[in-house]
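For reference, the structure discussed in these notes is given below.
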Amino acid sequence: MEHKELICINCPMGCMLSVDIDDNGEMKVSGNNCPRGDVYARKELTNPTRIVTSIVNVTEGELPVVSVKTKEDIPKDKIDEVIAALKGVTVEAPVLIGEVVLDDVAGTGVDVIATKNVNRKH
Amino acid sequence: MNKHVSILIIGGGPAGLAAGVAAHKAGVHDILIVERDIRLGGILNQCIHNGFGLHTFKEELTGPEYADRYIKQVEELKVPYRLATIVTDLKLSDDGHTKIVTTMDEEGGLTVYEADAVVLAMGCRERARGALNIPGERPAGIYTAGTAQYFVNLEGRMPGREVVILGSGDIGLIMARRMTLEGASVKLVAELQPYSGGLKRNIVQCLDDYGIPLMLSHTVVKIHGEKRLTGVTIAEVDDHLSPIPGTEQYYDCDTLLLSCGLLPENELSGQLGVTLSPVTSGAVVNESLETSIPGVFSCGNVLHVHDLVDYVSEEASAAGNHAAEYIKEISEGVNVPDSDDKAAEGRVIVVTDGGVRYSVPSILRPDHMADLTTIRFRVGAVFKDVDVVTYADDREVMRIHKRVMAPGEMEQTVLRKTDLLKEGTPSTYRITIENKQS
Amino acid sequence: MQSRQIVIIGAGVVGASIARELSKREADVLVLERATDVCEGTSKANSGIVHSGYDAKPGTMKAKFNIEGSRLMPELSKELDFPFKNNGSLILCFDEADRNKLNELLERGNKNGVEGLKILSGDEVRAMEPNVSDSVVAALYAPTGGIVDPFLLNVAMAENAAVNGVEFSFDTEVTKVAKCSEGGYEIKAVRHPSIRNGQEEDADCEIHADIVINAAGVYADKFHNMVSESKIHITPRKGEYCLLDKKVGGYVSATLFQLPTAKGKGVLVTPTVHGNLMVGPTATDVEDHDMTDTSAEGLNSVISTGGLSVKALPSRGNIITSFAGLRAHEDGGDFIIKEVNDAPGFIDAAGIESPGLTAAPAIGKYVAELTDGILGLKMKRDFESVRKGIPCISLADQAKREELIAKNPLYAKVICRCELVTEGEIVDAIHGPIGAVTLDGVKRRVRAGMGRCQAGFCTPKQVNILARELGVDISRITKKGGDSVLLTGFPKEEPGAWVTSPKGGADHE
């Protein structure tokens, strides 16, 4: 029997989760105020994932960079590979929210998309 | 020639946008949003991290994406706005009814508006080094977390390589992760208080994920470096928040980021004569989010500093609705401002004690209350396993159990009008914290 | 080696004043300044007070130049368009037993020729300044006391000198001054790389000068002692200050001094010409000639000691910044302004501590006359005595604003919202006769970033404007020249600077 304490990062409530893991690896989660807490705790203890946000360079834009994110969460231990893959990525303005900036980043199967509209410099 | 507008909204950030959309939907279309930046969205434009919108849109968005949802509505509804325009003066007309708003911008020069209602949505600023009175030299390399965020996220430049962060406000925590991801080394986050000023989830995903230590009850006691910062001295503080001699430790760094609190930017409100709360530095408002001046409403971070943009939007929508109601009332000749005596009659004052620092609103006018009123508040210390209890005079109205409450996280309760008025109109509505009732 | 007629070391308020006075004459003048701008030493961190002149001992250089300087200041402020206000000074006495000292000051002031001095009772003082402490029993009132913007006084004199032909060489650190056998002096200096000179590396330069004027502030002893056997010694005396928000700038209207007692010289509380409230300074002798750091003890003592003068100093929540400056205290305690006995053609303006700012205009005149006496210079016919400052949008009324904006729409584009400073003003500051090249330089000329948010919002905007106007990348922009860079590179330049924590966020309390 093993006991873990976690803070749910799904939403700003930051529920304090208690997880009891029995000898067969079965988990019992408590302290969550919604079902997402249960899912989070199980995932965090087996395969933790995160959304990664960053920026990439823009040419011809009214801003020199555009903000981007991984469209879905990616394995936590891949964060640095995702960032490394974004190094040197450049897109040309105009850029629209949701536009794919880099597909299948670092072999995660997840695309990196723009999170901001950047107009062309006039 | 002065221009007339029904509702003038100062600020095109999340609060101003939501207020404009709500007022328009409530039927007032003669609106103007005045934004000082060259784009709408306010500070959200530089908050590129995710975690916005779970409450409002039931999905996790980044700051620019969240802002875009509201900007789209403003565009679709054709709510008028002006960019790169600053309000320089805000005053009342001689009869006290009209709000005279002077703006300045590169294209139009000076413009004077006569507004029936004004929504204050100017947001807040970060507490700077000077206000913290940190001793030492004055080199380059000391930034508020928000300034650093601007450089990294909007300019694509690094403001430093080796970073110490003072203050565990959310922007500081978010910047610890951003700087780390973009190649800087964040050595530690020092927090003067014995608890974090930011959300728990940000400590987990911005500090713990990257092994950045959070040193509670520590502060920067000296800044070193003549030209560019070369290091800081950090010391532990005692229960009175005074540095403990002998605990000083020197850290090499070229950058110090400050995340030591946000201050509502109420200089314009002060010009107008709006009564401000010494606790929140925001306006004192009633259930309609109306300030001490009839027809002047306040919402978002200029009213009181929020942790979550979702609640800013919610509050600002309410302010927009109330501003629209006000316009309708004056057009029907209903809302002739009361004399002070009459206005004070039947008011319920919201009192906070027992660890509750303030509430918004702090005045309730039963005849203006909707069935449900959201009351937001903050506590002054960390509380575990307690009840938030409210009283109409001496009668208990609500008792809600809380596992944990912290100063860094805003709380809210929803008050039912019928519950407040069950035994007539009380003179006070008190929000307090009591030990858990078994 | 280049050959110059007159070299001034230092572009502080004294060097700038001397330069301006010399620029009235037909002369070849070069100013060498170690920093990247004018007003970077003692001149930038002081009380900004125009002392009426009751304090200095009769017969001293301090007394002479103080009185003359304070008389010159009102007219000069009109001629050179810098903010000056004649707000009057009060020297507060807290103890009946100290009244005799107040009388001594009155007598001294009268001897020095200070006009209008009188002693007021505690109640008279409070009638004049309602927020003065109830424990004040009497005060000396000096109606000629004033306040000035020390940066703009310095900038205005230097700019006017430049317009009239004086050359300024910034980032130029004098390392050696030596007498030449054939007369005059050989100066060795290092010119450091800067936006102003476009250099990538240090460059040595050698200059021969007929006359050397030593206005080097806390370093004046160093240069004096290179050429003279009769040594002088300057001790940097540090003073710490707190600057308060404009919200409380009207708390007092006169400058409140405390009567010096056995416990110390006291701390002043004063409005500034821009409407802030300022409290300070401390006085601590230090070794380091560059260390202008503040200390917790110093700042606390400024607030607690300054607080004695008033009913309730509104410092809580209203301190927007604190700073320290070094006064150049010479062992003899007086200004040293003369041609050095054993070094003909080498003129000292040394030991210029308080009331140096007030005295500067008079020192400039006197040193120019000394130089004149040696070289026999002709007065210029085409000297341009008037300088127009940069328009100040925040102080302009509606009509004036409209007029300015019609001329230049950039005067409507607000960059610093706390102080309402526009892009037009910042661009003017960059392109002035001695243009700003740093954030601090812009700040001292037009107050951008000097308000309550202390440049939190406008730093990135200012950096972009500076880079655009100076034609450089934003990475070259500094806070105050040298290595004070604001940006260190690009994101993702240094891969692998971090390692994912293996903890997975677990076990968090």
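Each chain in the structure tokens gets a letter, A, B, ..., in the order shown, and its residues are numbered from 1; ligands are numbered from 1 in order too.
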
Show me which bits of chain B are within 9 Å of chain A, counting only C-alpha atoms, as a PyMOL selection string. chain B and resi 45-46+48-52+54-55+60-65+68+152-156+178+181-182+199-202+204-205+209+307-308+409

DSSP says helix (DSSP H, G or I) for which residues of stretch 56-222 of chain B? Put them as a ChimeraX atom specification? /B:63-77,129-132,145-155,170-181,200-210

Go ahead and write the selection's residues with C-alpha atoms as a CSV table (one decimal), in the first residue's frame.
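Below is the file that was written, out36.csv:
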```csv
chain,number,residue,atom,x,y,z
B,63,GLY,CA,-4.2,34.3,-23.0
B,64,PRO,CA,-4.2,35.5,-26.6
B,65,GLU,CA,-6.8,32.8,-27.5
B,66,TYR,CA,-9.0,33.8,-24.6
B,67,ALA,CA,-8.8,37.5,-25.6
B,68,ASP,CA,-9.6,36.6,-29.2
B,69,ARG,CA,-12.9,35.0,-28.1
B,70,TYR,CA,-14.0,38.4,-26.8
B,71,ILE,CA,-12.4,40.5,-29.6
B,72,LYS,CA,-14.3,38.4,-32.1
B,73,GLN,CA,-17.6,39.2,-30.2
B,74,VAL,CA,-16.7,42.9,-30.2
B,75,GLU,CA,-16.0,42.8,-33.9
B,76,GLU,CA,-19.2,40.8,-34.7
B,77,LEU,CA,-21.4,43.1,-32.6
B,129,ARG,CA,11.5,47.8,-6.9
B,130,GLY,CA,11.2,51.3,-5.5
B,131,ALA,CA,7.9,50.5,-3.8
B,132,LEU,CA,9.5,47.5,-2.2
B,145,ALA,CA,7.9,39.8,-14.1
B,146,GLY,CA,5.5,41.4,-16.5
B,147,THR,CA,8.2,43.5,-18.2
B,148,ALA,CA,10.3,40.4,-18.6
B,149,GLN,CA,7.2,38.6,-20.0
B,150,TYR,CA,6.8,41.4,-22.6
B,151,PHE,CA,10.3,41.1,-23.7
B,152,VAL,CA,10.3,37.3,-24.1
B,153,ASN,CA,6.8,36.8,-25.4
B,154,LEU,CA,6.2,39.9,-27.5
B,155,GLU,CA,9.7,41.0,-28.5
B,170,ASP,CA,1.4,34.1,-10.5
B,171,ILE,CA,3.3,36.1,-13.1
B,172,GLY,CA,6.6,35.4,-11.3
B,173,LEU,CA,5.8,31.6,-11.3
B,174,ILE,CA,4.8,31.7,-14.9
B,175,MET,CA,8.0,33.5,-15.8
B,176,ALA,CA,10.1,31.1,-13.9
B,177,ARG,CA,8.9,28.4,-16.4
B,178,ARG,CA,9.0,30.7,-19.4
B,179,MET,CA,12.6,31.8,-18.7
B,180,THR,CA,13.7,28.2,-18.1
B,181,LEU,CA,12.1,26.9,-21.2
B,200,LYS,CA,-1.0,26.1,-6.2
B,201,ARG,CA,-1.2,24.7,-9.7
B,202,ASN,CA,1.4,27.2,-10.8
B,203,ILE,CA,3.8,26.1,-8.1
B,204,VAL,CA,3.5,22.5,-9.3
B,205,GLN,CA,3.7,23.1,-13.1
B,206,CYS,CA,6.1,26.1,-13.1
B,207,LEU,CA,8.5,25.4,-10.2
B,208,ASP,CA,8.3,21.7,-9.2
B,209,ASP,CA,8.3,20.5,-12.8
B,210,TYR,CA,11.6,22.2,-13.4
```

Find the spatial neighbours of C:Ala97, counting only C-alpha atoms, within a cut-off of 12 Å - ignore same-chain residues fewer than 3 positions away - and output them as a short mmCIF file (atom, residue, chain, number, x, y, z; two decimals) with C-alpha atoms, in the first residue's frame.
```
data_model
loop_
_atom_site.label_atom_id
_atom_site.label_comp_id
_atom_site.auth_asym_id
_atom_site.auth_seq_id
_atom_site.Cartn_x
_atom_site.Cartn_y
_atom_site.Cartn_z
CA CYS C 93 13.83 74.03 15.68
CA PHE C 94 12.42 71.35 17.99
CA ASN C 100 20.22 80.29 20.17
CA LYS C 101 21.42 78.15 17.28
CA LEU C 102 18.54 79.41 15.20
CA ASN C 103 19.62 82.97 16.04
CA VAL C 137 8.85 75.45 18.54
CA ALA C 138 10.32 77.90 16.05
CA LEU C 259 18.24 72.58 12.76
CA THR C 261 21.86 69.29 16.65
#
```

Just want the 10 Å neighbourhood of C:Gln462, counted on only C-alpha atoms, with same-chain residues fewer than 3 positions away dropped. Output as JSON, numbers by chain. {"C": [415, 416, 423, 426, 427, 438, 439, 442, 443, 448, 449, 455, 457, 458, 459, 465, 466, 467, 468, 474, 477]}

Any idea what's packed within 9 Å of B:Gly12, counting only C-alpha atoms, ignoring anything in its chain fewer than 4 positions away? Could you give it as a ChimeraX atom specification? /B:16-18,20,33-37,39-42,81-83,121-122

Could you tell me which of A:Asp20, A:Glu62, A:Asp103, A:Glu81 comes closest to chain C if we count only C-alpha atoms? A:Glu81

Could you give me, as a list of chain:residue names, the residues within 9 Å of A:Ser30, counting only C-alpha atoms and dropping anything in the same chain fewer than 2 positions from it?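 Those residues are A:Met16, A:Leu17, A:Ser18, A:Val19, A:Asp20, A:Lys28, A:Asn32, A:Asn33, A:Gly37, A:Asp38.
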
File dump, residues just selected, N, CA and C atoms, as a compact mmCIF listing (two decimals), in the first residue's frame:
```txt
# COMPACT_ATOMS: atom_id res chain seq x y z
N MET A 16 -6.38 19.37 -3.66
CA MET A 16 -5.34 18.51 -3.08
C MET A 16 -5.82 17.07 -3.15
N LEU A 17 -5.11 16.29 -3.94
CA LEU A 17 -5.54 14.92 -4.18
C LEU A 17 -4.76 13.95 -3.31
N SER A 18 -5.46 12.98 -2.75
CA SER A 18 -4.80 11.89 -2.03
C SER A 18 -4.98 10.63 -2.86
N VAL A 19 -3.90 9.92 -3.10
CA VAL A 19 -3.98 8.70 -3.91
C VAL A 19 -3.45 7.53 -3.09
N ASP A 20 -4.29 6.52 -2.93
CA ASP A 20 -3.84 5.28 -2.29
C ASP A 20 -3.63 4.23 -3.39
N LYS A 28 -6.77 4.60 -5.72
CA LYS A 28 -8.00 5.20 -5.21
C LYS A 28 -7.72 6.68 -4.96
N ASN A 32 -10.63 15.17 -4.84
CA ASN A 32 -10.97 15.91 -6.05
C ASN A 32 -12.42 16.38 -6.00
N ASN A 33 -12.65 17.56 -6.57
CA ASN A 33 -14.01 18.09 -6.61
C ASN A 33 -14.71 17.82 -7.93
N GLY A 37 -10.06 15.46 -11.74
CA GLY A 37 -9.03 15.26 -10.73
C GLY A 37 -8.61 13.80 -10.65
N ASP A 38 -9.59 12.92 -10.74
CA ASP A 38 -9.31 11.48 -10.72
C ASP A 38 -8.43 11.09 -11.91
```
